Amino acid sequence: MSDYGSNNTCCFKCIQFILTAGLTALFIWLSLRTTKPSCSLENFYLPALNKSDNSNSTRSNHTLSFQLNLNNKMKDKGVRYDDIKLSFYYGTNTSFPIGNYTVPGFYQGHDKKAHKKGMLETEKMPWNDALKMVSNGSKVVFRVDVATRVRYKVILWYTKRHNYTLENNTLKVDASGKSSSQQLHCCSIGLPLIFLFSFLLLL
């Protein structure tokens, strides 16, 4: 009888250990789980393509302005961005670069939104071709790539850096010189869960 009781006690302790370890792993996963910030681009504007203003000053204004929006939807984790590099291209590929812009790195608190405005002077932009397209009722397509690295703040410490890239996103500009707000699709990878899986395999 004593052996039977000992076996029951041993089994109970094993089950208790497994349940405790499982709950601990779940807690760790919930604590370390991250969600990449969402990103959008709005107020994308090229004055030289605005057909409603035919003044010489407007036609010779070869600037490109925009607003980059970043939304950290996590309720309990902040995001630290390195410098954010934006690359703009005429067309859908990288054959015709027209300018670059860098947003200085910053920290974004949990459940916060950031709006970063920028303006640059375009280079090697085929303005005559673009103006002809919008004059004919067509839209000019531009490509924007965004690249940075992020660290997630969990309680009082930061994770390692993770790549945050947005590539091959296109915007269409009409005769107003503007493009509608565009959600950019991110290719970043969140915090790896390899640690969690390895831990569970040991149970």
# chains A, B, ... in the order shown; residues from 1 in each chain; ligands from 1
call {"tool": "closest_atom_pairs", "arguments": {"of": "segment 151-185 of chain A", "to": "segment 47-54 of chain A", "cutoff": "9 Å", "atoms": "only C-alpha atoms", "output": "JSON lines"}}
result
{"residue": "A:Val173", "atom": "CA", "partner": "A:Leu49", "partner_atom": "CA", "distance": 8.3}
{"residue": "A:Asp174", "atom": "CA", "partner": "A:Leu49", "partner_atom": "CA", "distance": 7.8}
{"residue": "A:Ala175", "atom": "CA", "partner": "A:Lys51", "partner_atom": "CA", "distance": 5.4}
{"residue": "A:Ser176", "atom": "CA", "partner": "A:Asn50", "partner_atom": "CA", "distance": 4.4}
{"residue": "A:Gly177", "atom": "CA", "partner": "A:Asn50", "partner_atom": "CA", "distance": 4.4}
{"residue": "A:Lys178", "atom": "CA", "partner": "A:Asn50", "partner_atom": "CA", "distance": 7.8}
call {"tool": "write_last_selection", "arguments": {"atoms": "N, CA, C and O atoms", "output": "JSON list (two decimals), in the first residue's frame"}}
result
[["chain", "number", "residue", "atom", "x", "y", "z"],
["A", 173, "VAL", "N", -0.53, 58.87, -58.30],
["A", 173, "VAL", "CA", -0.76, 60.31, -58.23],
["A", 173, "VAL", "C", -1.55, 60.76, -59.45],
["A", 173, "VAL", "O", -1.22, 60.41, -60.59],
["A", 174, "ASP", "N", -2.60, 61.55, -59.21],
["A", 174, "ASP", "CA", -3.43, 62.04, -60.31],
["A", 174, "ASP", "C", -3.11, 63.50, -60.61],
["A", 174, "ASP", "O", -2.09, 64.04, -60.18],
["A", 175, "ALA", "N", -4.01, 64.17, -61.34],
["A", 175, "ALA", "CA", -3.78, 65.55, -61.78],
["A", 175, "ALA", "C", -3.82, 66.56, -60.65],
["A", 175, "ALA", "O", -3.53, 67.74, -60.86],
["A", 176, "SER", "N", -4.16, 66.12, -59.44],
["A", 176, "SER", "CA", -4.10, 67.03, -58.29],
["A", 176, "SER", "C", -2.70, 67.05, -57.68],
["A", 176, "SER", "O", -2.42, 67.84, -56.78],
["A", 177, "GLY", "N", -1.86, 66.15, -58.18],
["A", 177, "GLY", "CA", -0.52, 66.03, -57.63],
["A", 177, "GLY", "C", -0.46, 65.22, -56.36],
["A", 177, "GLY", "O", 0.59, 65.10, -55.73],
["A", 178, "LYS", "N", -1.61, 64.65, -55.96],
["A", 178, "LYS", "CA", -1.70, 63.94, -54.69],
["A", 178, "LYS", "C", -2.03, 62.47, -54.88],
["A", 178, "LYS", "O", -2.55, 62.05, -55.91]]
call {"tool": "residues_around", "arguments": {"residues": "Lys75 of chain A", "least_positions_apart": "6", "cutoff": "10 Å", "atoms": "only C-alpha atoms", "output": "MDAnalysis selection string"}}
result
chainID A and resid 109:112
call {"tool": "write_last_selection", "arguments": {"atoms": "C-alpha atoms", "output": "mmCIF file, in the first residue's frame"}}
result
data_model
loop_
_atom_site.group_PDB
_atom_site.id
_atom_site.type_symbol
_atom_site.label_atom_id
_atom_site.label_comp_id
_atom_site.auth_asym_id
_atom_site.auth_seq_id
_atom_site.Cartn_x
_atom_site.Cartn_y
_atom_site.Cartn_z
ATOM 1 C CA GLY A 109 5.294 54.309 -26.293
ATOM 2 C CA HIS A 110 2.763 51.493 -25.995
ATOM 3 C CA ASP A 111 -0.532 52.046 -27.808
ATOM 4 C CA LYS A 112 0.798 55.252 -29.390
#
call {"tool": "atom_distance", "arguments": {"atom1": "atom CA of Val79 of chain A", "atom2": "atom CA of His115 of chain A"}}
result
14.5 Å
call {"tool": "residues_around", "arguments": {"residues": "Gln67 of chain A", "least_positions_apart": "5", "cutoff": "10 Å", "atoms": "only C-alpha atoms", "output": "tab-separated table (two decimals) with all heavy atoms, in the first residue's frame"}}
result
chain	number	residue	atom	x	y	z
A	40	SER	N	1.62	53.57	-42.59
A	40	SER	CA	0.90	54.12	-43.74
A	40	SER	C	1.56	55.41	-44.18
A	40	SER	O	2.31	56.04	-43.42
A	40	SER	CB	-0.57	54.36	-43.39
A	40	SER	OG	-0.69	55.37	-42.40
A	41	LEU	N	1.30	55.79	-45.41
A	41	LEU	CA	1.85	57.01	-45.99
A	41	LEU	C	0.70	57.84	-46.51
A	41	LEU	O	-0.14	57.35	-47.27
A	41	LEU	CB	2.82	56.67	-47.12
A	41	LEU	CG	3.86	57.73	-47.48
A	41	LEU	CD1	4.87	57.87	-46.36
A	41	LEU	CD2	4.58	57.36	-48.78
A	42	GLU	N	0.63	59.09	-46.09
A	42	GLU	CA	-0.43	59.97	-46.56
A	42	GLU	C	0.14	61.35	-46.88
A	42	GLU	O	1.32	61.63	-46.64
A	42	GLU	CB	-1.55	60.07	-45.54
A	42	GLU	CG	-1.17	60.71	-44.22
A	42	GLU	CD	-2.35	60.78	-43.26
A	42	GLU	OE1	-3.35	60.08	-43.49
A	42	GLU	OE2	-2.25	61.54	-42.28
A	43	ASN	N	-0.73	62.21	-47.41
A	43	ASN	CA	-0.32	63.56	-47.83
A	43	ASN	C	0.86	63.51	-48.80
A	43	ASN	O	1.74	64.37	-48.77
A	43	ASN	CB	0.03	64.42	-46.62
A	43	ASN	CG	-1.16	64.63	-45.69
A	43	ASN	OD1	-2.31	64.56	-46.11
A	43	ASN	ND2	-0.88	64.88	-44.42
A	44	PHE	N	0.87	62.48	-49.64
A	44	PHE	CA	1.90	62.33	-50.66
A	44	PHE	C	1.59	63.34	-51.77
A	44	PHE	O	0.57	63.22	-52.45
A	44	PHE	CB	1.89	60.90	-51.20
A	44	PHE	CG	3.04	60.56	-52.10
A	44	PHE	CD1	4.26	60.17	-51.57
A	44	PHE	CD2	2.91	60.62	-53.48
A	44	PHE	CE1	5.32	59.84	-52.39
A	44	PHE	CE2	3.96	60.30	-54.32
A	44	PHE	CZ	5.17	59.91	-53.77
A	45	TYR	N	2.49	64.30	-51.97
A	45	TYR	CA	2.15	65.43	-52.84
A	45	TYR	C	3.36	65.91	-53.64
A	45	TYR	O	4.43	66.12	-53.08
A	45	TYR	CB	1.60	66.58	-52.00
A	45	TYR	CG	1.20	67.81	-52.79
A	45	TYR	CD1	0.35	67.72	-53.89
A	45	TYR	CD2	1.66	69.07	-52.41
A	45	TYR	CE1	-0.02	68.86	-54.60
A	45	TYR	CE2	1.28	70.22	-53.11
A	45	TYR	CZ	0.45	70.10	-54.20
A	45	TYR	OH	0.09	71.22	-54.91
A	114	ALA	N	2.50	57.73	-34.20
A	114	ALA	CA	3.50	58.74	-34.55
A	114	ALA	C	3.25	59.22	-35.97
A	114	ALA	O	2.93	58.41	-36.86
A	114	ALA	CB	4.91	58.16	-34.42
A	115	HIS	N	3.38	60.52	-36.19
A	115	HIS	CA	3.18	61.12	-37.51
A	115	HIS	C	4.42	61.92	-37.85
A	115	HIS	O	4.72	62.92	-37.20
A	115	HIS	CB	1.94	62.01	-37.52
A	115	HIS	CG	0.70	61.34	-36.98
A	115	HIS	ND1	0.00	60.40	-37.70
A	115	HIS	CD2	0.07	61.47	-35.79
A	115	HIS	CE1	-1.02	59.98	-36.98
A	115	HIS	NE2	-1.00	60.60	-35.81
A	116	LYS	N	5.15	61.48	-38.86
A	116	LYS	CA	6.41	62.10	-39.24
A	116	LYS	C	6.31	62.70	-40.64
A	116	LYS	O	6.15	61.98	-41.63
A	116	LYS	CB	7.55	61.07	-39.19
A	116	LYS	CG	7.73	60.39	-37.83
A	116	LYS	CD	8.19	61.39	-36.78
A	116	LYS	CE	8.39	60.72	-35.43
A	116	LYS	NZ	8.88	61.67	-34.40
A	117	LYS	N	6.36	64.03	-40.71
A	117	LYS	CA	6.28	64.71	-42.00
A	117	LYS	C	7.68	64.84	-42.61
A	117	LYS	O	8.67	64.98	-41.89
A	117	LYS	CB	5.65	66.08	-41.83
A	117	LYS	CG	4.19	66.04	-41.38
A	117	LYS	CD	3.60	67.44	-41.28
A	117	LYS	CE	2.14	67.39	-40.86
A	117	LYS	NZ	1.54	68.73	-40.75
A	118	GLY	N	7.71	64.81	-43.94
A	118	GLY	CA	9.00	64.95	-44.62
A	118	GLY	C	8.85	65.62	-45.98
A	118	GLY	O	7.76	65.61	-46.57
A	119	MET	N	9.94	66.20	-46.44
A	119	MET	CA	9.96	66.82	-47.77
A	119	MET	C	11.36	66.68	-48.35
A	119	MET	O	12.35	66.79	-47.63
A	119	MET	CB	9.57	68.30	-47.69
A	119	MET	CG	9.62	69.01	-49.04
A	119	MET	SD	9.18	70.78	-48.92
A	119	MET	CE	7.43	70.64	-48.54
A	181	SER	N	-4.30	58.17	-49.12
A	181	SER	CA	-3.56	57.51	-48.05
A	181	SER	C	-3.34	56.04	-48.40
A	181	SER	O	-4.25	55.36	-48.88
A	181	SER	CB	-4.34	57.62	-46.74
A	181	SER	OG	-3.67	56.95	-45.71
call {"tool": "closest_residue", "arguments": {"among": "A:Ser60, A:Thr20, A:Asn163, A:Thr148", "to": "Tyr81 of chain A", "atoms": "only C-alpha atoms"}}
result
A:Thr148
call {"tool": "select_by_dssp", "arguments": {"residues": "segment 117-184 of chain A", "states": "strand (DSSP E)", "output": "ChimeraX atom specification"}}
result
/A:117-121,140-154,157-158,162-173,178-179,182-184
call {"tool": "residues_around", "arguments": {"residues": "Asn93 of chain A", "least_positions_apart": "4", "cutoff": "12 Å", "atoms": "only C-alpha atoms", "output": "PDB file with C-alpha atoms, in the first residue's frame"}}
result
ATOM      1  CA  SER A  87      13.536  55.546 -50.788  1.00  0.00           C
ATOM      2  CA  PHE A  88      11.304  56.874 -53.562  1.00  0.00           C
ATOM      3  CA  TYR A  89      11.212  55.680 -57.171  1.00  0.00           C
ATOM      4  CA  PRO A  97      15.320  56.519 -58.019  1.00  0.00           C
ATOM      5  CA  ILE A  98      14.132  60.069 -57.420  1.00  0.00           C
ATOM      6  CA  VAL A 141       2.876  55.420 -60.224  1.00  0.00           C
ATOM      7  CA  PHE A 142       5.580  55.813 -57.609  1.00  0.00           C
ATOM      8  CA  ARG A 143       7.271  53.223 -55.453  1.00  0.00           C
ATOM      9  CA  VAL A 144       8.375  53.720 -51.859  1.00  0.00           C
ATOM     10  CA  ASP A 145      10.594  51.449 -49.765  1.00  0.00           C
ATOM     11  CA  GLU A 167       9.247  47.132 -50.013  1.00  0.00           C
ATOM     12  CA  ASN A 168       7.557  47.514 -53.383  1.00  0.00           C
ATOM     13  CA  ASN A 169       4.673  49.642 -52.115  1.00  0.00           C
ATOM     14  CA  THR A 170       3.139  51.780 -54.844  1.00  0.00           C
TER      15      THR A 170
END
call {"tool": "select_by_dssp", "arguments": {"residues": "segment 13-145 of chain A", "states": "alpha helix (DSSP H)", "output": "JSON, numbers by chain"}}
result
{"A": [13, 14, 15, 16, 17, 18, 19, 20, 21, 22, 23, 24, 25, 26, 27, 28, 29, 30, 31, 32, 56, 57, 58, 59, 127, 128, 129, 130, 131, 132, 133, 134, 135]}
call {"tool": "residues_around", "arguments": {"residues": "Arg149 of chain A", "least_positions_apart": "4", "cutoff": "6 Å", "atoms": "only C-alpha atoms", "output": "ChimeraX atom specification"}}
result
/A:82,161-164
call {"tool": "residues_around", "arguments": {"residues": "Thr102 of chain A", "least_positions_apart": "6", "cutoff": "8 Å", "atoms": "only C-alpha atoms", "output": "PyMOL selection string"}}
result
chain A and resi 83-86
call {"tool": "closest_residue", "arguments": {"among": "A:Thr94, A:Thr122, A:Ser65, A:Thr159", "to": "Arg80 of chain A", "atoms": "only C-alpha atoms"}}
result
A:Thr159
call {"tool": "closest_residue", "arguments": {"among": "A:Gly78, A:Cys39, A:Asn72, A:Thr63", "to": "Ala147 of chain A", "atoms": "only C-alpha atoms"}}
result
A:Cys39
